[in-house]
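Below is start_4.txt, which holds compact mmCIF, C-alpha atoms.
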```
# COMPACT_ATOMS: atom_id res chain seq x y z
CA MET E 901 -24.30 -53.48 53.71
CA VAL E 902 -21.96 -56.12 55.03
CA ASP E 903 -24.03 -56.73 58.16
CA CYS E 904 -27.07 -57.94 56.29
CA TRP E 905 -25.38 -59.84 53.48
CA LEU E 906 -26.33 -63.54 53.73
CA GLY E 907 -23.47 -65.11 51.81
CA PRO E 908 -22.47 -66.05 48.30
CA PRO E 909 -25.22 -67.26 45.97
CA LEU E 910 -24.97 -71.00 45.58
CA HIS E 911 -24.88 -70.90 41.78
CA ARG E 912 -21.94 -68.50 41.84
CA VAL E 913 -19.95 -70.67 44.20
CA LEU E 914 -20.55 -74.01 42.49
CA HIS E 915 -19.93 -72.72 38.96
CA LEU E 916 -17.13 -70.30 39.71
CA SER E 917 -14.23 -70.64 37.28
CA PHE E 918 -10.94 -69.99 39.02
CA PRO E 919 -8.20 -68.50 36.82
CA LEU E 920 -4.86 -70.30 36.80
CA LEU E 921 -2.07 -68.40 38.47
CA THR E 922 -0.18 -67.86 35.46
CA SER E 923 21.69 -83.21 53.73
CA ASN E 924 24.18 -83.72 53.39
CA SER E 925 23.24 -86.42 55.85
CA LYS E 926 25.76 -88.44 57.81
CA SER E 927 24.88 -91.85 59.22
CA PHE E 928 26.26 -93.08 62.52
CA SER E 929 24.47 -96.43 62.53
CA MET E 930 25.03 -99.95 61.29
CA ALA E 931 22.38 -99.78 58.56
CA ALA E 932 22.77 -96.21 57.35
CA THR E 933 23.41 -95.40 53.71
CA GLN E 934 24.62 -92.26 52.02
CA ARG E 935 23.78 -90.60 48.73
CA SER E 936 25.44 -87.72 46.99
CA SER E 937 23.93 -84.27 46.58
CA VAL E 938 23.92 -84.95 42.84
CA ASP E 939 21.50 -87.83 43.46
CA TYR E 940 19.24 -85.51 45.45
CA ASN E 941 19.31 -82.79 42.82
CA CYS E 942 18.38 -85.34 40.19
CA ARG E 943 15.36 -86.48 42.17
CA CYS E 944 14.38 -82.89 42.85
CA SER E 945 14.06 -82.29 39.12
CA PHE E 946 11.22 -84.80 38.69
CA ASN E 947 8.31 -83.54 36.64
CA THR E 948 4.90 -83.56 38.23
CA GLY E 949 3.41 -87.00 37.81
CA PRO E 950 3.52 -90.57 39.04
CA SER E 951 7.34 -90.70 38.71
CA GLN E 952 7.58 -88.48 41.77
CA PRO E 953 7.87 -90.28 45.11
CA SER E 954 4.75 -90.08 47.27
CA LEU E 955 4.87 -89.24 50.97
CA LEU E 956 2.42 -89.02 53.84
CA VAL E 957 3.40 -86.68 56.66
CA PHE E 958 1.84 -86.64 60.12
CA SER E 959 2.45 -83.17 61.53
CA GLY E 960 1.02 -80.13 63.25
CA GLY E 961 0.68 -76.69 61.76
CA THR E 962 4.01 -75.12 62.71
CA ALA E 963 7.24 -77.13 62.99
CA PHE E 964 7.12 -78.89 59.61
CA ASN E 965 6.17 -75.70 57.78
CA GLY E 966 9.82 -74.67 57.66
CA VAL E 967 10.74 -77.51 55.29
CA VAL E 968 7.65 -77.52 53.06
CA GLU E 969 9.24 -75.28 50.43
CA GLU E 970 12.28 -77.54 50.20
CA LEU E 971 10.09 -80.64 50.05
CA LYS E 972 8.35 -79.24 46.96
CA LYS E 973 11.68 -79.57 45.12
CA LEU E 974 11.68 -83.31 45.78
CA THR E 975 8.00 -84.00 45.22
CA THR E 976 4.58 -82.42 45.31
CA ARG E 977 2.89 -85.81 45.80
CA VAL E 978 2.55 -85.33 49.53
CA ALA E 979 -0.43 -86.01 51.78
CA HIS E 980 -0.21 -83.68 54.77
CA VAL E 981 -2.26 -85.15 57.63
CA LEU E 982 -3.14 -82.65 60.34
CA PRO E 983 -5.20 -82.68 63.55
CA VAL E 984 -8.31 -80.52 63.94
CA SER E 985 -8.31 -80.25 67.73
CA ASP E 986 -6.28 -77.06 68.27
CA ASP E 987 -8.11 -74.77 70.68
CA GLY E 988 -5.62 -71.94 71.09
CA GLY E 989 -5.12 -68.47 69.62
CA SER E 990 -7.62 -67.03 67.15
CA THR E 991 -8.80 -70.57 66.34
CA ALA E 992 -10.17 -70.81 69.87
CA GLU E 993 -12.30 -67.71 69.35
CA ILE E 994 -13.82 -69.09 66.16
CA VAL E 995 -14.60 -72.42 67.82
CA ARG E 996 -16.01 -70.67 70.91
CA VAL E 997 -18.46 -68.53 68.95
CA LEU E 998 -19.21 -70.59 65.84
CA GLY E 999 -18.27 -74.13 66.88
CA GLY E 1000 -16.89 -76.65 64.41
CA PRO E 1001 -13.41 -78.15 64.07
CA ALA E 1002 -10.24 -76.12 64.47
CA VAL E 1003 -8.84 -75.07 61.09
CA GLY E 1004 -5.69 -73.18 62.14
CA ASP E 1005 -3.19 -75.97 61.39
CA ILE E 1006 -4.85 -76.74 58.06
CA ARG E 1007 -4.85 -73.06 57.05
CA SER E 1008 -1.19 -72.77 58.03
CA ARG E 1009 -0.14 -75.72 55.85
CA CYS E 1010 -2.30 -74.59 52.91
CA LEU E 1011 -0.58 -71.21 52.95
CA ARG E 1012 2.85 -72.86 52.88
CA LEU E 1013 1.82 -74.95 49.89
CA SER E 1014 0.23 -72.05 48.02
CA ASP E 1015 1.62 -70.66 44.78
CA GLU E 1016 4.08 -67.74 44.76
CA SER E 1017 5.01 -67.72 41.09
CA THR E 1018 3.15 -64.51 40.16
CA ALA E 1019 2.56 -61.14 41.78
CA GLU E 1020 -1.13 -61.96 42.19
CA ALA E 1021 -0.34 -65.29 43.84
CA VAL E 1022 1.89 -63.48 46.33
CA ALA E 1023 -0.88 -60.94 46.99
CA VAL E 1024 -3.44 -63.69 47.67
CA ARG E 1025 -1.03 -65.48 49.98
CA LYS E 1026 -0.29 -62.24 51.83
CA LEU E 1027 -4.01 -61.53 52.28
CA LEU E 1028 -4.92 -65.00 53.55
CA GLY E 1029 -1.82 -65.10 55.75
CA HIS E 1030 -2.51 -61.73 57.37
CA ARG E 1031 -3.15 -61.41 61.10
CA LEU E 1032 -5.04 -58.53 62.66
CA SER E 1033 -3.70 -56.30 65.39
CA LEU E 1034 -3.36 -57.62 68.94
CA ASP E 1035 -5.32 -54.57 70.10
CA PRO E 1036 -9.02 -55.63 69.97
CA ARG E 1037 -10.27 -52.19 68.93
CA LEU E 1038 -7.72 -51.76 66.14
CA ALA E 1039 -8.24 -55.35 65.03
CA LYS E 1040 -11.97 -54.81 64.62
CA LEU E 1041 -11.44 -51.63 62.60
CA GLU E 1042 -8.94 -53.38 60.34
CA TRP E 1043 -11.29 -56.33 59.89
CA TYR E 1044 -14.12 -54.06 58.74
CA SER E 1045 -11.73 -52.41 56.28
CA ILE E 1046 -10.83 -55.82 54.85
CA VAL E 1047 -14.35 -57.23 54.71
CA GLU E 1048 -15.61 -54.07 53.02
CA GLY E 1049 -12.92 -54.37 50.36
CA GLU E 1050 -11.15 -51.12 51.25
CA HIS E 1051 -7.93 -52.43 52.83
CA SER E 1052 -4.60 -52.17 50.99
CA LEU E 1053 -4.25 -55.97 51.22
CA TRP E 1054 -6.65 -56.26 48.28
CA LYS E 1055 -4.15 -54.49 46.04
CA GLY E 1056 -2.86 -56.89 43.42
CA VAL E 1057 -5.77 -59.35 43.83
CA SER E 1058 -7.85 -59.53 40.65
CA ARG E 1059 -11.61 -59.26 40.67
CA PRO E 1060 -12.42 -62.99 40.33
CA TYR E 1061 -10.21 -63.80 43.31
CA SER E 1062 -11.24 -60.81 45.42
CA GLU E 1063 -14.95 -61.47 44.87
CA THR E 1064 -14.59 -65.12 45.83
CA ILE E 1065 -12.50 -64.49 48.94
CA ARG E 1066 -14.50 -61.48 50.09
CA GLN E 1067 -17.86 -63.23 49.78
CA PHE E 1068 -16.81 -65.91 52.25
CA LEU E 1069 -15.30 -63.33 54.61
CA VAL E 1070 -18.61 -61.49 54.52
CA TYR E 1071 -20.44 -64.74 55.15
CA PHE E 1072 -18.20 -65.35 58.16
CA GLN E 1073 -19.03 -61.86 59.45
CA ASN E 1074 -22.72 -62.54 59.00
CA GLN E 1075 -22.47 -65.74 61.05
CA ILE E 1076 -20.83 -63.81 63.88
CA LEU E 1077 -23.59 -61.20 63.86
CA ARG E 1078 -26.21 -63.93 64.07
CA ARG E 1079 -24.68 -65.05 67.38
CA SER E 1080 -25.84 -61.88 69.09
CA SER E 1081 -25.29 -63.36 72.54
CA GLU E 1082 -21.57 -63.83 71.84
CA SER E 1083 -19.09 -60.98 71.42
CA PHE E 1084 -16.37 -61.98 68.95
CA CYS E 1085 -12.82 -60.77 69.64
CA PHE E 1086 -10.81 -60.12 66.46
CA SER E 1087 -7.49 -59.70 68.29
CA ASN E 1088 -4.66 -61.40 66.36
CA GLY E 1089 -7.30 -62.97 64.10
CA SER E 1090 -6.16 -64.79 60.97
CA ILE E 1091 -7.87 -63.77 57.72
CA GLY E 1092 -7.20 -67.25 56.38
CA ASN E 1093 -8.94 -68.79 59.38
CA PHE E 1094 -11.94 -66.51 58.86
CA PHE E 1095 -12.13 -67.45 55.18
CA PHE E 1096 -11.88 -71.15 56.08
CA ALA E 1097 -14.59 -70.88 58.72
CA GLY E 1098 -16.93 -68.99 56.40
CA ALA E 1099 -16.52 -71.59 53.66
CA ARG E 1100 -16.91 -74.52 56.07
CA ILE E 1101 -20.14 -73.17 57.52
CA PHE E 1102 -21.55 -72.28 54.10
CA PHE E 1103 -20.81 -75.70 52.57
CA GLN E 1104 -21.34 -77.56 55.86
CA SER E 1105 -18.20 -79.46 54.91
CA LEU E 1106 -14.58 -79.19 56.06
CA ASP E 1107 -13.41 -81.03 52.94
CA ALA E 1108 -15.23 -78.58 50.67
CA SER E 1109 -13.65 -75.61 52.44
CA ILE E 1110 -10.17 -77.14 52.02
CA PHE E 1111 -10.87 -77.73 48.33
CA LEU E 1112 -11.96 -74.11 47.88
CA PHE E 1113 -8.95 -72.76 49.78
CA SER E 1114 -6.64 -74.99 47.73
CA ARG E 1115 -8.04 -73.72 44.44
CA VAL E 1116 -7.99 -70.07 45.51
CA SER E 1117 -4.35 -70.35 46.63
CA ASP E 1118 -3.44 -72.60 43.67
CA ILE E 1119 -2.01 -75.53 45.62
CA PRO E 1120 -0.79 -78.33 43.30
CA ALA E 1121 -3.60 -80.83 42.76
CA GLU E 1122 -1.38 -83.74 43.83
CA SER E 1123 -0.59 -82.07 47.18
CA LEU E 1124 -3.26 -83.08 49.68
CA VAL E 1125 -4.05 -81.33 52.95
CA LEU E 1126 -6.08 -83.84 54.94
CA PRO E 1127 -7.78 -83.35 58.29
CA VAL E 1128 -7.23 -86.62 60.12
CA ILE E 1129 -10.90 -86.46 61.08
CA SER E 1130 -13.28 -85.04 58.50
CA THR E 1131 -15.99 -83.50 60.61
CA ASN E 1132 -18.15 -80.44 60.95
CA ASP E 1133 -18.24 -80.76 64.73
CA ARG E 1134 -16.01 -79.44 67.47
CA LEU E 1135 -13.30 -81.85 68.65
CA THR E 1136 -11.72 -81.71 72.09
CA LEU E 1137 -8.39 -83.33 72.87
CA GLY E 1138 -7.72 -84.68 76.33
CA CYS E 1139 -4.68 -86.23 77.94
CA GLU E 1140 -4.11 -88.57 80.85
CA LEU E 1141 -0.94 -88.10 82.89
CA TRP E 1142 0.87 -90.93 84.63
CA ASP E 1143 -0.25 -89.55 88.00
CA GLY E 1144 -3.91 -89.89 86.92
CA THR E 1145 -4.49 -86.21 86.15
CA ILE E 1146 -6.80 -85.46 83.21
CA ILE E 1147 -6.19 -82.28 81.21
CA ARG E 1148 -8.85 -81.07 78.78
CA GLY E 1149 -7.93 -79.08 75.69
CA GLN E 1150 -4.87 -79.09 73.43
CA ASN E 1151 -3.86 -75.59 74.48
CA LYS E 1152 -3.83 -76.48 78.19
CA ILE E 1153 -1.78 -79.60 77.50
CA SER E 1154 0.83 -78.00 75.29
CA HIS E 1155 1.15 -74.35 76.23
CA PRO E 1156 -1.47 -72.91 78.61
CA THR E 1157 -2.00 -69.23 77.92
CA GLY E 1158 -4.80 -68.17 80.24
CA GLY E 1159 -6.96 -67.22 77.26
CA SER E 1160 -4.41 -64.96 75.57
CA THR E 1161 -4.49 -64.80 71.77
CA GLU E 1162 -0.84 -63.70 71.50
CA PRO E 1163 1.64 -65.92 69.61
CA ILE E 1164 3.19 -68.53 71.89
CA ASN E 1165 6.72 -69.88 72.05
CA LYS E 1166 6.08 -73.49 73.07
CA GLY E 1167 9.69 -73.93 74.13
CA SER E 1168 9.63 -70.95 76.46
CA SER E 1169 10.87 -71.55 80.00
CA CYS E 1170 7.99 -69.44 81.37
CA ILE E 1171 5.48 -72.18 80.54
CA PRO E 1172 4.90 -74.23 83.72
CA ALA E 1173 5.95 -77.88 83.66
CA LEU E 1174 3.39 -80.66 83.66
CA PRO E 1175 2.92 -82.30 87.09
CA SER E 1176 3.64 -85.69 85.52
CA ARG E 1177 4.58 -87.15 82.14
CA ILE E 1178 1.85 -87.75 79.58
CA LYS E 1179 0.52 -91.31 79.44
CA ARG E 1180 -1.78 -90.90 76.43
CA VAL E 1181 -3.97 -88.48 74.51
CA PHE E 1182 -7.58 -89.15 73.57
CA TYR E 1183 -10.68 -87.40 72.28
CA MET E 1184 -13.47 -86.37 74.63
CA SER E 1185 -16.92 -84.83 74.29
CA SER E 1186 -16.97 -81.05 74.06
CA GLU E 1187 -18.29 -80.72 77.61
CA GLY E 1188 -16.41 -83.73 79.02
CA ARG E 1189 -14.08 -83.50 82.00
CA ASN E 1190 -12.90 -87.06 82.67
CA LEU E 1191 -12.30 -90.49 81.16
CA LEU E 1192 -16.01 -91.27 81.23
CA HIS E 1193 -16.46 -88.72 78.45
CA GLU E 1194 -13.98 -90.29 76.01
CA VAL E 1195 -15.24 -90.50 72.44
CA PHE E 1196 -13.91 -92.38 69.43
CA PRO E 1197 -14.18 -90.35 66.19
CA THR E 1198 -13.70 -92.05 62.83
CA VAL E 1199 -10.55 -91.42 60.83
CA ASN E 1200 -10.80 -89.67 57.48
CA PRO E 1201 -10.99 -92.55 54.94
CA THR E 1202 -8.75 -90.65 52.50
CA VAL E 1203 -5.96 -90.80 55.08
CA LEU E 1204 -6.24 -94.59 55.18
CA GLU E 1205 -6.23 -94.75 51.37
CA GLN E 1206 -3.07 -92.67 51.19
CA LEU E 1207 -1.34 -94.66 53.93
CA SER E 1208 -1.90 -97.82 51.93
CA THR E 1209 -0.09 -96.60 48.82
CA VAL E 1210 2.57 -93.96 49.62
CA ASP E 1211 6.29 -94.60 49.24
CA CYS E 1212 7.23 -93.14 52.63
CA ILE E 1213 5.50 -92.35 55.93
CA VAL E 1214 6.89 -89.49 58.01
CA TYR E 1215 6.25 -88.57 61.64
CA ALA E 1216 7.30 -84.91 61.60
CA MET E 1217 9.03 -82.91 64.29
CA GLY E 1218 6.75 -80.83 66.49
CA SER E 1219 4.59 -81.22 69.57
CA LEU E 1220 4.64 -84.99 70.04
CA PHE E 1221 1.45 -85.50 72.03
CA THR E 1222 -0.70 -82.64 70.70
CA SER E 1223 0.36 -82.46 67.03
CA ILE E 1224 1.43 -85.99 66.07
CA CYS E 1225 -0.32 -88.45 68.41
CA PRO E 1226 -3.88 -87.12 67.86
CA SER E 1227 -3.63 -88.50 64.33
CA LEU E 1228 -2.15 -91.83 65.43
CA VAL E 1229 -4.64 -92.94 68.08
CA LEU E 1230 -7.52 -93.40 65.62
CA LEU E 1231 -8.74 -96.87 64.67
CA GLY E 1232 -7.17 -98.06 61.41
CA ILE E 1233 -4.01 -95.95 61.43
CA GLY E 1234 -1.81 -98.43 63.31
CA GLU E 1235 -3.20 -101.37 61.39
CA ILE E 1236 -2.16 -99.99 58.01
CA ILE E 1237 1.21 -98.53 59.03
CA SER E 1238 2.32 -101.81 60.61
CA SER E 1239 1.47 -103.66 57.39
CA ARG E 1240 3.65 -101.45 55.17
CA SER E 1241 7.27 -102.20 54.24
CA CYS E 1242 8.14 -98.69 53.07
CA PRO E 1243 10.40 -96.21 54.93
CA LYS E 1244 8.68 -95.13 58.15
CA VAL E 1245 10.65 -92.17 59.39
CA LEU E 1246 10.63 -90.28 62.68
CA LEU E 1247 12.03 -86.75 62.54
CA LEU E 1248 13.37 -86.18 66.03
CA ASN E 1249 12.86 -82.79 67.66
CA GLY E 1250 15.92 -80.64 68.21
CA SER E 1251 14.83 -79.40 71.64
CA TYR E 1252 12.51 -80.18 74.51
CA ASP E 1253 9.08 -78.69 75.05
CA ARG E 1254 6.50 -78.97 77.82
CA GLU E 1255 5.29 -82.34 76.56
CA THR E 1256 8.67 -84.06 76.23
CA THR E 1257 10.93 -82.71 78.98
CA GLY E 1258 13.56 -85.33 79.79
CA PHE E 1259 12.66 -87.58 76.84
CA SER E 1260 15.28 -89.58 74.96
CA ALA E 1261 14.94 -90.69 71.34
CA SER E 1262 13.57 -94.05 72.49
CA SER E 1263 10.96 -92.22 74.59
CA PHE E 1264 9.62 -90.62 71.41
CA VAL E 1265 9.51 -94.05 69.75
CA THR E 1266 7.66 -95.52 72.74
CA ALA E 1267 5.07 -92.71 72.73
CA ILE E 1268 4.37 -93.16 69.02
CA THR E 1269 4.21 -96.95 69.37
CA ASP E 1270 1.79 -96.72 72.29
CA ALA E 1271 -0.41 -94.25 70.39
CA LEU E 1272 -0.56 -96.45 67.28
CA ASN E 1273 -1.19 -99.55 69.39
CA ARG E 1274 -3.84 -97.61 71.36
CA LYS E 1275 -2.19 -99.32 74.34
CA TYR E 1276 -3.99 -97.46 77.11
CA GLY E 1277 -7.35 -97.01 75.38
CA ASP E 1278 -10.26 -99.36 74.83
CA PRO E 1279 -8.82 -102.85 75.55
CA LEU E 1280 -11.00 -104.30 72.79
CA ASN E 1281 -9.24 -102.13 70.19
CA CYS E 1282 -5.62 -102.40 71.31
CA LEU E 1283 -2.79 -103.67 69.10
CA ASN E 1284 0.43 -105.34 70.18
CA ASN E 1285 2.81 -104.41 67.38
CA MET E 1286 6.54 -103.85 67.88
CA PRO E 1287 8.09 -100.37 67.55
CA ASN E 1288 9.99 -101.31 64.39
CA GLN E 1289 6.70 -102.12 62.67
CA TYR E 1290 5.88 -98.42 62.93
CA ILE E 1291 9.31 -96.77 62.73
CA ASN E 1292 12.36 -98.09 60.89
CA THR E 1293 14.46 -94.91 60.58
CA LEU E 1294 15.27 -91.94 62.81
CA LEU E 1295 16.55 -88.67 61.39
CA VAL E 1296 18.27 -86.66 64.10
CA PRO E 1297 19.35 -82.98 63.91
CA LYS E 1298 23.00 -82.44 64.79
CA ASP E 1299 23.60 -80.68 68.11
CA GLY E 1300 20.02 -81.31 69.25
CA GLN E 1301 19.07 -81.57 72.92
CA ILE E 1302 17.40 -84.97 72.71
CA GLN E 1303 19.67 -87.85 73.78
CA VAL E 1304 19.95 -90.61 71.17
CA ASP E 1305 20.07 -93.81 73.23
CA PHE E 1306 21.27 -96.31 70.65
CA GLN E 1307 21.06 -99.39 72.83
CA CYS E 1308 17.44 -98.73 73.77
CA LEU E 1309 16.59 -98.09 70.12
CA ALA E 1310 18.32 -101.33 69.11
CA ALA E 1311 16.33 -103.20 71.76
CA LYS E 1312 13.21 -101.90 69.99
CA GLY E 1313 14.50 -103.19 66.65
CA ILE E 1314 15.51 -99.77 65.30
CA PHE E 1315 19.06 -99.59 63.99
CA HIS E 1316 18.92 -96.99 61.24
CA VAL E 1317 19.69 -93.58 62.76
CA VAL E 1318 20.89 -90.77 60.52
CA SER E 1319 22.45 -87.50 61.66
CA VAL E 1320 21.27 -84.50 59.62
CA ASP E 1321 22.75 -81.01 59.49
CA SER E 1322 20.95 -78.48 61.64
CA ILE E 1323 20.60 -74.73 62.03
CA CYS E 1324 19.81 -72.60 65.06
CA ASP E 1325 16.42 -70.94 65.12
CA PRO E 1326 16.46 -68.00 67.58
CA LYS E 1327 12.90 -68.80 68.69
CA VAL E 1328 13.00 -72.57 69.18
CA GLY E 1329 16.68 -73.56 69.13
CA THR E 1330 18.11 -76.41 67.05
CA VAL E 1331 16.09 -77.38 63.98
CA PHE E 1332 16.81 -79.40 60.85
CA ASP E 1333 18.53 -77.66 57.97
CA PRO E 1334 15.71 -77.94 55.39
CA HIS E 1335 17.91 -78.88 52.43
CA SER E 1336 19.82 -81.53 54.37
CA LEU E 1337 16.60 -82.99 55.81
CA ILE E 1338 14.90 -83.37 52.43
CA GLN E 1339 18.10 -84.81 50.99
CA ALA E 1340 18.09 -87.46 53.73
CA ILE E 1341 14.45 -88.29 53.01
CA SER E 1342 15.24 -88.41 49.30
CA ASN E 1343 17.98 -90.96 49.97
CA LEU E 1344 15.65 -93.21 51.92
CA VAL E 1345 12.82 -93.02 49.41
CA GLY E 1346 15.17 -93.42 46.47
CA GLU E 1347 16.61 -96.63 47.87
CA TYR E 1348 13.13 -98.00 48.56
CA MET E 1349 11.88 -97.13 45.06
CA SER E 1350 14.96 -98.64 43.40
CA GLN E 1351 14.30 -101.91 45.27
CA LYS E 1352 10.72 -101.93 43.98
CA LEU E 1353 11.87 -101.79 40.35
```
Written as structure tokens, that's how I'd like the structure from this file.
Amino acid sequence: MVDCWLGPPLHRVLHLSFPLLTSNSKSFSMAATQRSSVDYNCRCSFNTGPSQPSLLVFSGGTAFNGVVEELKKLTTRVAHVLPVSDDGGSTAEIVRVLGGPAVGDIRSRCLRLSDESTAEAVAVRKLLGHRLSLDPRLAKLEWYSIVEGEHSLWKGVSRPYSETIRQFLVYFQNQILRRSSESFCFSNGSIGNFFFAGARIFFQSLDASIFLFSRVSDIPAESLVLPVISTNDRLTLGCELWDGTIIRGQNKISHPTGGSTEPINKGSSCIPALPSRIKRVFYMSSEGRNLLHEVFPTVNPTVLEQLSTVDCIVYAMGSLFTSICPSLVLLGIGEIISSRSCPKVLLLNGSYDRETTGFSASSFVTAITDALNRKYGDPLNCLNNMPNQYINTLLVPKDGQIQVDFQCLAAKGIFHVVSVDSICDPKVGTVFDPHSLIQAISNLVGEYMSQKL
């Protein structure tokens, strides 16, 4: 019976053998350069190996996902750095009942990086990317069908894969049943999140669960998905507004939902505005309510190692204060980025959200600079670096809402601003055209690498 199964035998997990699953950009600045699409296509044909350019991308789990497939054509040597403080949706339910870090953004990026070259690979991706019904009763019935191995989603998944995945889903179920005082709601639950949580609890390691997920979904070995904080504990994000207000929880900062697990459009006009602009984000104890409860977690050392060696650092589009800045405020991040001479690229959002209403391009630069300098945090750990030590290029989607204030950017030492073709997404508005964006990044990295030779 599923209810009494205590998890995968350790010897089976540790010795399991996984089968192999057989811009056009236009510059409008003084320092901009252009490259032809032929140049981009040439770089996109690199074989896997050290000849590929290496990138590190700070992002959340949603906005950058749309260009991941195109980025693979340029390089697979990418370190994706993601926060683990999301407390919304089905992630919130896992954290509420089982504790631990939020894995939703990591699961989302892993799925985007996963293999789709065979029918089985597609079946595995479909299974781990599946969400249960919004109706709690139907969701629970569907979950039992999946965990018992009877659901149609298992079709096309071979026995080695199905046994591995199902054992950790069963282990997750067992952990829920052990918390008899808590009733778990499966509404809109992500099967990938459940697999991640089961593996993390079993191994008592977030890194081990990412490794397992990466092997099951056959992510290229040189593509790294890195939690910015490698922890087995719950992390809570807080923010301080300029009017002194403290808001606890990423979900309440970015898109308060009142506890709903339904998918959220962060750009929706129905989300109430913040009473004041955000001054800074910080980490706080799980039960903390004010600045006295601020904590200072340690950055994942692998992130620092990657920052020291990559050919390009990218601050992706997305929720500025809740997706990007949580990775930047940690001790060591600003120190290394400011010391690098490689391209350091900000991908400007195409539209406003709750966190950035009324922002100009220079406002984004200021927020990132303040986060990396830890300007409003512990005065003993603050930096005083200039904006152009952190950002030397802006890529801007054409027809975006955000004003590009060239004079203010120039005053910050940033002169390289490149316009990139955009498309209209019916849900969020103007976004980068993926091909044009990766071409623009290819141009920047290619110029840097040619200068190194």
Shell around E:Pro1334 at 10 Å using all atoms listed in the file, local window under 5 positions removed, as an NGL selection string: :E and (923 or 964 or 966-971 or 1320-1323 or 1339-1340)
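Between atom CA of E:Thr1256 and atom CA of E:Gly1218 the interatomic distance comes to 10.4 Å.
Taking all atoms listed in the file into account, E:Thr991 lies nearest to E:Ile1091 out of the set E:Ile1091, E:Leu1280, E:Ile1110, E:Val1070.
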So which residues are close to (19.7, -84.7, 55.9), meaning at most 9 Å away in the file's coordinates with only C-alpha atoms counted, and can you show them as a ChimeraX atom specification? /E:923-926,1295-1297,1318-1322,1332-1343
Any idea what the distance is between atom CA of E:Arg977 and atom CA of E:Ser954? 4.9 Å
Residues around (-15.6, -68.0, 72.1), cut-off 12 Å, counting all atoms listed in the file - what are they as an NGL selection string? :E and (987-1000 or 1076 or 1079 or 1081-1086 or 1159 or 1161)
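Each of E:His1193, E:His1051, E:Arg1274, E:Arg1066 was checked against E:Gly1232 using only C-alpha atoms; the smallest atom-to-atom distance is that of E:Arg1274.
With atom CA of E:Val1003 on one side and atom CA of E:Gly1092 on the other, the separation reads 9.3 Å.
Comparing the minimum interatomic distances between E:Lys1152 and each of E:Thr1222, E:Val984, E:Asn1190, E:Thr962, counting all atoms listed in the file, we find that E:Thr1222 sits nearest.
Counting all atoms listed in the file and comparing E:Pro1001, E:Pro1120, E:Gly960, E:Gly1313, the residue that lies closest to E:Met1286 is E:Gly1313.
Among the candidate residues E:Gly1144, E:Thr1136, E:Val1128, E:Ala1173, the one lying nearest to E:Ile1233 is E:Val1128, with distances computed using only C-alpha atoms.
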Using only C-alpha atoms, which of the listed residues (E:Glu1020, E:Leu1248, E:Asn1088, E:Arg1115) sits closest to E:Ser1058? E:Glu1020
Using all atoms listed in the file, which residues sit within 8 Å of stretch 1097-1103 of chain E once same-chain residues fewer than 6 positions away are excluded, as a PDB file with C-alpha atoms, in the frame of the given file?
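What ended up in part.pdb:
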```
ATOM      1  CA  GLY E 907     -23.470 -65.110  51.810  1.00  0.00           C
ATOM      2  CA  ILE E 994     -13.820 -69.090  66.160  1.00  0.00           C
ATOM      3  CA  VAL E1003      -8.840 -75.070  61.090  1.00  0.00           C
ATOM      4  CA  PHE E1068     -16.810 -65.910  52.250  1.00  0.00           C
ATOM      5  CA  LEU E1069     -15.300 -63.330  54.610  1.00  0.00           C
ATOM      6  CA  VAL E1070     -18.610 -61.490  54.520  1.00  0.00           C
ATOM      7  CA  TYR E1071     -20.440 -64.740  55.150  1.00  0.00           C
ATOM      8  CA  PHE E1072     -18.200 -65.350  58.160  1.00  0.00           C
ATOM      9  CA  GLN E1075     -22.470 -65.740  61.050  1.00  0.00           C
ATOM     10  CA  SER E1109     -13.650 -75.610  52.440  1.00  0.00           C
ATOM     11  CA  LEU E1112     -11.960 -74.110  47.880  1.00  0.00           C
ATOM     12  CA  ASN E1132     -18.150 -80.440  60.950  1.00  0.00           C
TER      13      ASN E1132
END
```
Exercise: E:Tyr1276 partners within 10 Å, only C-alpha atoms, chain neighbours under 4 positions left out, as a PyMOL selection string: chain E and resi 1140+1179-1182+1270-1271+1281-1282
Neighbour list for stretch 1043-1047 of chain E as a VMD selection string, cut-off 12 Å, all atoms listed in the file, skip fewer than 5 positions in-chain: chain E and resid 901 to 903 905 1027 to 1028 1030 to 1033 1035 to 1038 1052 to 1055 1062 to 1074 1084 to 1091 1094 to 1095
Could you list, as a list in words, every residue within 9 Å of E:Thr1269, counting all atoms listed in the file and ignoring same-chain residues fewer than 2 positions away? Gly1234, Phe1264, Val1265, Thr1266, Ala1267, Ala1271, Leu1272, Asn1273, Arg1274, Lys1275, Asn1285, Met1286, Pro1287, Asn1288, Gln1289, Tyr1290 and Ile1291 of chain E
Store the residues picked out above in a file with C-alpha atoms, as a CSV table (one decimal), in the frame of the given file.
```
chain,number,residue,atom,x,y,z
E,1234,GLY,CA,-1.8,-98.4,63.3
E,1264,PHE,CA,9.6,-90.6,71.4
E,1265,VAL,CA,9.5,-94.0,69.8
E,1266,THR,CA,7.7,-95.5,72.7
E,1267,ALA,CA,5.1,-92.7,72.7
E,1271,ALA,CA,-0.4,-94.2,70.4
E,1272,LEU,CA,-0.6,-96.4,67.3
E,1273,ASN,CA,-1.2,-99.6,69.4
E,1274,ARG,CA,-3.8,-97.6,71.4
E,1275,LYS,CA,-2.2,-99.3,74.3
E,1285,ASN,CA,2.8,-104.4,67.4
E,1286,MET,CA,6.5,-103.8,67.9
E,1287,PRO,CA,8.1,-100.4,67.6
E,1288,ASN,CA,10.0,-101.3,64.4
E,1289,GLN,CA,6.7,-102.1,62.7
E,1290,TYR,CA,5.9,-98.4,62.9
E,1291,ILE,CA,9.3,-96.8,62.7
```
